[in-house]
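Next comes coords.cif, with mmCIF, C-alpha atoms.
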data_query
#
loop_
_atom_site.group_PDB
_atom_site.id
_atom_site.type_symbol
_atom_site.label_atom_id
_atom_site.label_comp_id
_atom_site.auth_asym_id
_atom_site.auth_seq_id
_atom_site.Cartn_x
_atom_site.Cartn_y
_atom_site.Cartn_z
ATOM 1 C CA MET A 1 163.594 96.785 91.271
ATOM 2 C CA THR A 2 166.559 95.952 89.034
ATOM 3 C CA LYS A 3 169.799 95.049 90.753
ATOM 4 C CA ARG A 4 172.712 97.350 90.091
ATOM 5 C CA PRO A 5 176.123 95.696 90.361
ATOM 6 C CA GLY A 6 178.412 97.253 92.928
ATOM 7 C CA THR A 7 175.626 98.762 95.027
ATOM 8 C CA ILE A 8 176.302 98.779 98.740
ATOM 9 C CA LYS A 9 173.729 98.606 101.520
ATOM 10 C CA TYR A 10 174.364 99.896 105.043
ATOM 11 C CA LEU A 11 173.092 98.187 108.171
ATOM 12 C CA TRP A 12 172.897 99.969 111.531
ATOM 13 C CA LEU A 13 172.496 97.427 114.358
ATOM 14 C CA LEU A 14 171.454 99.141 117.611
ATOM 15 C CA ARG A 15 171.000 97.286 120.866
ATOM 16 C CA HIS A 16 168.078 98.670 122.895
ATOM 17 C CA GLY A 17 168.772 101.091 125.741
ATOM 18 C CA LYS A 18 169.156 99.991 129.348
ATOM 19 C CA ALA A 19 165.937 98.411 130.566
ATOM 20 C CA ALA A 20 164.401 98.012 134.007
ATOM 21 C CA PRO A 21 165.050 94.604 135.595
ATOM 22 C CA HIS A 22 161.307 93.927 135.862
ATOM 23 C CA ALA A 23 158.180 94.973 134.021
ATOM 24 C CA LEU A 24 155.688 97.228 135.726
ATOM 25 C CA GLN A 25 152.503 95.740 137.202
ATOM 26 C CA GLY A 26 153.522 92.129 136.795
ATOM 27 C CA GLY A 27 154.264 92.124 133.061
ATOM 28 C CA GLY A 28 156.774 89.729 131.585
ATOM 29 C CA ASP A 29 160.227 90.266 130.133
ATOM 30 C CA LYS A 30 158.790 91.571 126.869
ATOM 31 C CA GLU A 31 157.131 94.479 128.720
ATOM 32 C CA ARG A 32 160.251 95.723 130.553
ATOM 33 C CA PRO A 33 160.536 99.512 129.957
ATOM 34 C CA LEU A 34 163.671 101.576 129.531
ATOM 35 C CA THR A 35 165.284 103.130 132.580
ATOM 36 C CA GLY A 36 166.060 106.846 132.754
ATOM 37 C CA ARG A 37 169.548 106.090 131.463
ATOM 38 C CA GLY A 38 168.121 104.010 128.627
ATOM 39 C CA ARG A 39 165.841 106.878 127.566
ATOM 40 C CA ARG A 40 168.688 109.412 127.797
ATOM 41 C CA ASP A 41 171.051 107.219 125.721
ATOM 42 C CA ALA A 42 168.450 106.586 123.009
ATOM 43 C CA THR A 43 167.519 110.275 122.814
ATOM 44 C CA ALA A 44 171.186 111.344 122.740
ATOM 45 C CA PHE A 45 171.867 108.835 119.976
ATOM 46 C CA GLY A 46 168.995 110.265 117.925
ATOM 47 C CA HIS A 47 170.303 113.807 118.459
ATOM 48 C CA ARG A 48 173.699 112.704 117.164
ATOM 49 C CA LEU A 49 172.040 111.273 114.049
ATOM 50 C CA ALA A 50 170.192 114.559 113.572
ATOM 51 C CA ALA A 51 173.588 116.165 112.904
ATOM 52 C CA GLY A 52 173.511 114.382 109.537
ATOM 53 C CA ARG A 53 175.850 112.280 107.478
ATOM 54 C CA GLY A 54 179.318 111.840 108.920
ATOM 55 C CA VAL A 55 178.188 111.233 112.496
ATOM 56 C CA PHE A 56 180.554 109.026 114.549
ATOM 57 C CA GLY A 57 183.214 109.516 111.851
ATOM 58 C CA LEU A 58 181.141 107.534 109.327
ATOM 59 C CA HIS A 59 181.586 110.062 106.531
ATOM 60 C CA ASP A 60 180.601 107.803 103.640
ATOM 61 C CA VAL A 61 177.690 106.105 105.415
ATOM 62 C CA PRO A 62 174.153 107.367 104.756
ATOM 63 C CA LEU A 63 171.821 107.690 107.721
ATOM 64 C CA PRO A 64 169.091 105.072 108.066
ATOM 65 C CA ASP A 65 166.086 105.632 105.808
ATOM 66 C CA VAL A 66 164.059 102.740 107.252
ATOM 67 C CA ALA A 67 163.920 101.107 110.688
ATOM 68 C CA ILE A 68 162.696 97.820 112.103
ATOM 69 C CA CYS A 69 162.602 96.671 115.704
ATOM 70 C CA SER A 70 161.430 93.937 118.000
ATOM 71 C CA ALA A 71 157.944 94.455 119.417
ATOM 72 C CA ALA A 72 159.311 94.325 122.982
ATOM 73 C CA SER A 73 158.630 97.510 124.964
ATOM 74 C CA ARG A 74 162.314 98.369 125.413
ATOM 75 C CA THR A 75 163.194 98.058 121.733
ATOM 76 C CA ARG A 76 160.134 99.936 120.512
ATOM 77 C CA GLU A 77 160.738 102.696 123.071
ATOM 78 C CA THR A 78 164.412 102.918 122.018
ATOM 79 C CA ALA A 79 163.474 103.141 118.341
ATOM 80 C CA ASP A 80 160.751 105.732 118.981
ATOM 81 C CA LEU A 81 163.103 107.950 121.010
ATOM 82 C CA VAL A 82 165.919 107.687 118.437
ATOM 83 C CA LEU A 83 163.671 108.536 115.515
ATOM 84 C CA ALA A 84 161.912 111.385 117.346
ATOM 85 C CA ALA A 85 165.251 112.986 118.273
ATOM 86 C CA MET A 86 166.575 112.409 114.771
ATOM 87 C CA ALA A 87 163.790 114.690 113.503
ATOM 88 C CA LYS A 88 163.652 112.887 110.157
ATOM 89 C CA GLU A 89 160.766 110.889 108.750
ATOM 90 C CA VAL A 90 161.995 107.306 108.929
ATOM 91 C CA PRO A 91 159.390 104.557 108.601
ATOM 92 C CA LEU A 92 159.451 102.127 111.533
ATOM 93 C CA GLU A 93 157.939 98.692 111.720
ATOM 94 C CA SER A 94 158.020 96.434 114.767
ATOM 95 C CA PHE A 95 157.878 92.651 114.594
ATOM 96 C CA HIS A 96 156.843 90.195 117.288
ATOM 97 C CA SER A 97 159.100 87.646 115.576
ATOM 98 C CA LEU A 98 162.212 89.708 116.405
ATOM 99 C CA TYR A 99 161.709 89.278 120.162
ATOM 100 C CA GLY A 100 163.813 86.277 121.151
ATOM 101 C CA ALA A 101 164.810 85.835 117.512
ATOM 102 C CA SER A 102 167.890 84.060 116.245
ATOM 103 C CA PRO A 103 170.364 85.860 113.969
ATOM 104 C CA ASP A 104 168.832 83.888 111.065
ATOM 105 C CA SER A 105 165.369 85.290 111.821
ATOM 106 C CA VAL A 106 166.662 88.868 111.967
ATOM 107 C CA LEU A 107 168.576 88.261 108.738
ATOM 108 C CA GLN A 108 165.357 87.104 107.072
ATOM 109 C CA CYS A 109 163.623 90.375 108.044
ATOM 110 C CA ILE A 110 166.577 92.329 106.640
ATOM 111 C CA ARG A 111 166.364 90.383 103.369
ATOM 112 C CA GLU A 112 162.745 91.512 103.005
ATOM 113 C CA LEU A 113 163.551 95.244 103.114
ATOM 114 C CA ASP A 114 162.671 97.383 100.101
ATOM 115 C CA ASP A 115 165.650 97.679 97.765
ATOM 116 C CA GLY A 116 164.836 101.351 97.329
ATOM 117 C CA ARG A 117 166.216 101.807 100.859
ATOM 118 C CA GLU A 118 169.978 102.243 101.031
ATOM 119 C CA SER A 119 170.489 102.206 104.791
ATOM 120 C CA ALA A 120 168.518 100.400 107.505
ATOM 121 C CA LEU A 121 168.394 100.585 111.299
ATOM 122 C CA VAL A 122 167.595 97.431 113.276
ATOM 123 C CA VAL A 123 166.851 97.894 116.989
ATOM 124 C CA GLY A 124 166.980 94.610 118.834
ATOM 125 C CA HIS A 125 168.372 92.476 121.608
ATOM 126 C CA ASN A 126 171.595 90.844 122.669
ATOM 127 C CA PRO A 127 173.117 88.376 122.155
ATOM 128 C CA THR A 128 171.319 88.221 118.803
ATOM 129 C CA LEU A 129 172.482 91.548 117.324
ATOM 130 C CA TYR A 130 176.077 90.988 118.359
ATOM 131 C CA GLN A 131 176.012 87.477 116.872
ATOM 132 C CA LEU A 132 174.453 88.795 113.664
ATOM 133 C CA ALA A 133 177.097 91.515 113.313
ATOM 134 C CA TRP A 134 179.804 88.910 113.951
ATOM 135 C CA GLU A 135 178.415 86.516 111.337
ATOM 136 C CA LEU A 136 178.027 89.248 108.710
ATOM 137 C CA LEU A 137 181.767 89.942 108.972
ATOM 138 C CA PRO A 138 184.314 87.648 107.291
ATOM 139 C CA PRO A 139 186.638 85.580 109.480
ATOM 140 C CA ALA A 140 190.085 86.883 110.348
ATOM 141 C CA ASP A 141 191.907 84.903 107.670
ATOM 142 C CA ILE A 142 190.295 86.857 104.784
ATOM 143 C CA GLU A 143 192.019 90.077 103.768
ATOM 144 C CA SER A 144 190.156 93.257 102.810
ATOM 145 C CA ASP A 145 190.919 96.719 101.420
ATOM 146 C CA ASP A 146 188.236 98.381 103.579
ATOM 147 C CA ASP A 147 188.972 100.902 106.336
ATOM 148 C CA VAL A 148 188.615 98.142 108.902
ATOM 149 C CA GLY A 149 189.995 94.973 107.314
ATOM 150 C CA ALA A 150 187.952 91.806 107.326
ATOM 151 C CA GLY A 151 189.899 90.215 110.166
ATOM 152 C CA GLU A 152 189.986 93.484 112.048
ATOM 153 C CA GLY A 153 186.179 93.806 111.913
ATOM 154 C CA ARG A 154 185.511 90.827 114.157
ATOM 155 C CA SER A 155 188.357 91.657 116.523
ATOM 156 C CA THR A 156 187.245 95.316 116.725
ATOM 157 C CA LEU A 157 183.703 94.205 117.520
ATOM 158 C CA GLN A 158 184.931 91.737 120.127
ATOM 159 C CA ASN A 159 187.296 94.228 121.766
ATOM 160 C CA HIS A 160 184.646 96.941 121.869
ATOM 161 C CA GLY A 161 181.866 94.813 123.324
ATOM 162 C CA PHE A 162 178.180 95.522 122.829
ATOM 163 C CA PRO A 163 176.599 97.144 125.923
ATOM 164 C CA THR A 164 173.082 98.564 125.977
ATOM 165 C CA CYS A 165 172.473 101.177 123.261
ATOM 166 C CA ALA A 166 175.668 100.120 121.454
ATOM 167 C CA LEU A 167 175.772 100.452 117.684
ATOM 168 C CA ALA A 168 177.549 98.473 114.976
ATOM 169 C CA VAL A 169 177.397 99.813 111.417
ATOM 170 C CA LEU A 170 178.148 97.419 108.580
ATOM 171 C CA ARG A 171 178.830 98.041 104.912
ATOM 172 C CA LEU A 172 177.244 95.177 102.986
ATOM 173 C CA GLU A 173 178.609 94.303 99.552
ATOM 174 C CA VAL A 174 175.224 93.520 98.009
ATOM 175 C CA ALA A 175 173.033 95.006 95.298
ATOM 176 C CA SER A 176 169.825 93.907 97.009
ATOM 177 C CA TRP A 177 168.755 93.381 100.616
ATOM 178 C CA GLY A 178 167.653 89.936 99.497
ATOM 179 C CA ASP A 179 171.308 89.095 98.816
ATOM 180 C CA VAL A 180 172.511 89.788 102.359
ATOM 181 C CA ASP A 181 174.285 86.722 103.693
ATOM 182 C CA TYR A 182 176.842 85.832 106.306
ATOM 183 C CA GLU A 183 180.375 87.155 105.707
ATOM 184 C CA CYS A 184 179.193 89.716 103.099
ATOM 185 C CA GLY A 185 180.018 92.824 105.121
ATOM 186 C CA SER A 186 182.731 94.966 106.597
ATOM 187 C CA LEU A 187 182.632 96.949 109.822
ATOM 188 C CA ALA A 188 182.231 100.666 109.160
ATOM 189 C CA GLY A 189 182.191 101.481 112.888
ATOM 190 C CA VAL A 190 181.147 100.488 116.368
ATOM 191 C CA VAL A 191 180.244 102.964 119.134
ATOM 192 C CA SER A 192 178.667 102.970 122.595
ATOM 193 C CA PRO A 193 177.165 105.535 124.969
ATOM 194 C CA PRO A 194 177.626 108.148 126.172
ATOM 195 C CA TYR A 195 176.561 109.849 122.951
#

Target format structure tokens, applied to this file:
Amino acid sequence: MTKRPGTIKYLWLLRHGKAAPHALQGGGDKERPLTGRGRRDATAFGHRLAAGRGVFGLHDVPLPDVAICSAASRTRETADLVLAAMAKEVPLESFHSLYGASPDSVLQCIRELDDGRESALVVGHNPTLYQLAWELLPPADIESDDDVGAGEGRSTLQNHGFPTCALAVLRLEVASWGDVDYECGSLAGVVSPPY
């Protein structure tokens, strides 16, 4: 696909819903399921997305048209519930490599997305997603004309926190997913349950 200058990509970073402290029947951390609250938050989030563009005050941000998640039970369950409630066909792929991944590893998966996709949802774990969002935003000493200025993006993220099922949406100033790099984005919004 040919790059078009000035194209913007949108990245929705969603932390998985609240998970049980232990897996059922002796499974490990990767098999921990969502709690009732985790399932409710993920479903409610999907219902909010079903309302269409403009949800959470993000009027100029297109809804995700592709999704990726960690292969851990809690992230896959979160993604499945969100997409089912969203009632929109959004392709989902889960990756074993995203469980316990570093921000660099998640960034590499993002760089491999199809450029025909304008907006992507990543469902993953903390602290990785928070760190990735932080690194995609410029430091406070760089000024910006965006709704949330460059310096304000990191401070807004820090002040908001990133509890379970929290969402950070970033506007990435790139023509291609392959061009996504640290400090290339601005914070379009950050929200948390209840949805």

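Look at Val180 of chain A: the protein and nucleic acid residues within 9 Å of it, using only C-alpha atoms and passing over chain neighbours fewer than 6 places away, are Lys9, Leu107, Gln108, Ile110, Arg111, Leu136, Leu172, Glu173 and Val174 of chain A.
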
| query | Is there a way to get, as a list in words, all residues within 9 Å of the point (168.4, 100.1, 124.4) in file coordinates, counting only C-alpha atoms? | reply | Leu14, Arg15, His16, Gly17, Lys18, Ala19, Leu34, Gly38, Arg39, Asp41, Ala42, Arg74, Thr75, Glu77, Thr78, Ala79, Val123, Gly124, His125, Pro163, Thr164, Cys165 and Ala166 of chain A

Surrounding residues of Ala44 of chain A excluding itself and chain neighbours under 4 positions, 9 Å, only C-alpha atoms, as a PDB file with C-alpha atoms, in the frame of the given file:
ATOM      1  CA  ARG A  39     165.841 106.878 127.566  1.00  0.00           C
ATOM      2  CA  ARG A  40     168.688 109.412 127.797  1.00  0.00           C
ATOM      3  CA  ARG A  48     173.699 112.704 117.164  1.00  0.00           C
ATOM      4  CA  LEU A  49     172.040 111.273 114.049  1.00  0.00           C
ATOM      5  CA  LEU A  81     163.103 107.950 121.010  1.00  0.00           C
ATOM      6  CA  VAL A  82     165.919 107.687 118.437  1.00  0.00           C
ATOM      7  CA  ALA A  85     165.251 112.986 118.273  1.00  0.00           C
ATOM      8  CA  PRO A 193     177.165 105.535 124.969  1.00  0.00           C
ATOM      9  CA  PRO A 194     177.626 108.148 126.172  1.00  0.00           C
ATOM     10  CA  TYR A 195     176.561 109.849 122.951  1.00  0.00           C
TER      11      TYR A 195
END

| task | Return the single residue from A:Ser105, A:Ser73, A:Thr7, A:Ser119 that is closest to Gln131 of chain A, with distances computed using all atoms listed in the file. | result |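 When distances to Gln131 of chain A are compared using all atoms listed in the file, the smallest one comes from A:Ser105.
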
| Using all atoms listed in the file, which residue out of A:Gly26, A:Pro127, A:Pro33, A:Gly46 lies closest to Ala72 of chain A? |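 Going through A:Gly26, A:Pro127, A:Pro33, A:Gly46 one by one, the smallest distance to Ala72 of chain A is for A:Pro33.
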
| How would you write, as a count of residues only, the residues chosen by the PyMOL selection byres ((chain A and resi 158) around 12) on this structure? | 20

| query | Using the chain letters and numbers from the file, which residues does the PyMOL selection byres ((chain A and resi 90) around 6) grab, as a ChimeraX atom specification? | reply | /A:65-66,88-89,91

Please produce a file of those selected residues containing C-alpha atoms, as a PDB file, in the frame of the given file.
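What follows is the written file result10.pdb:
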ATOM      1  CA  ASP A  65     166.086 105.632 105.808  1.00  0.00           C
ATOM      2  CA  VAL A  66     164.059 102.740 107.252  1.00  0.00           C
ATOM      3  CA  LYS A  88     163.652 112.887 110.157  1.00  0.00           C
ATOM      4  CA  GLU A  89     160.766 110.889 108.750  1.00  0.00           C
ATOM      5  CA  PRO A  91     159.390 104.557 108.601  1.00  0.00           C
TER       6      PRO A  91
END
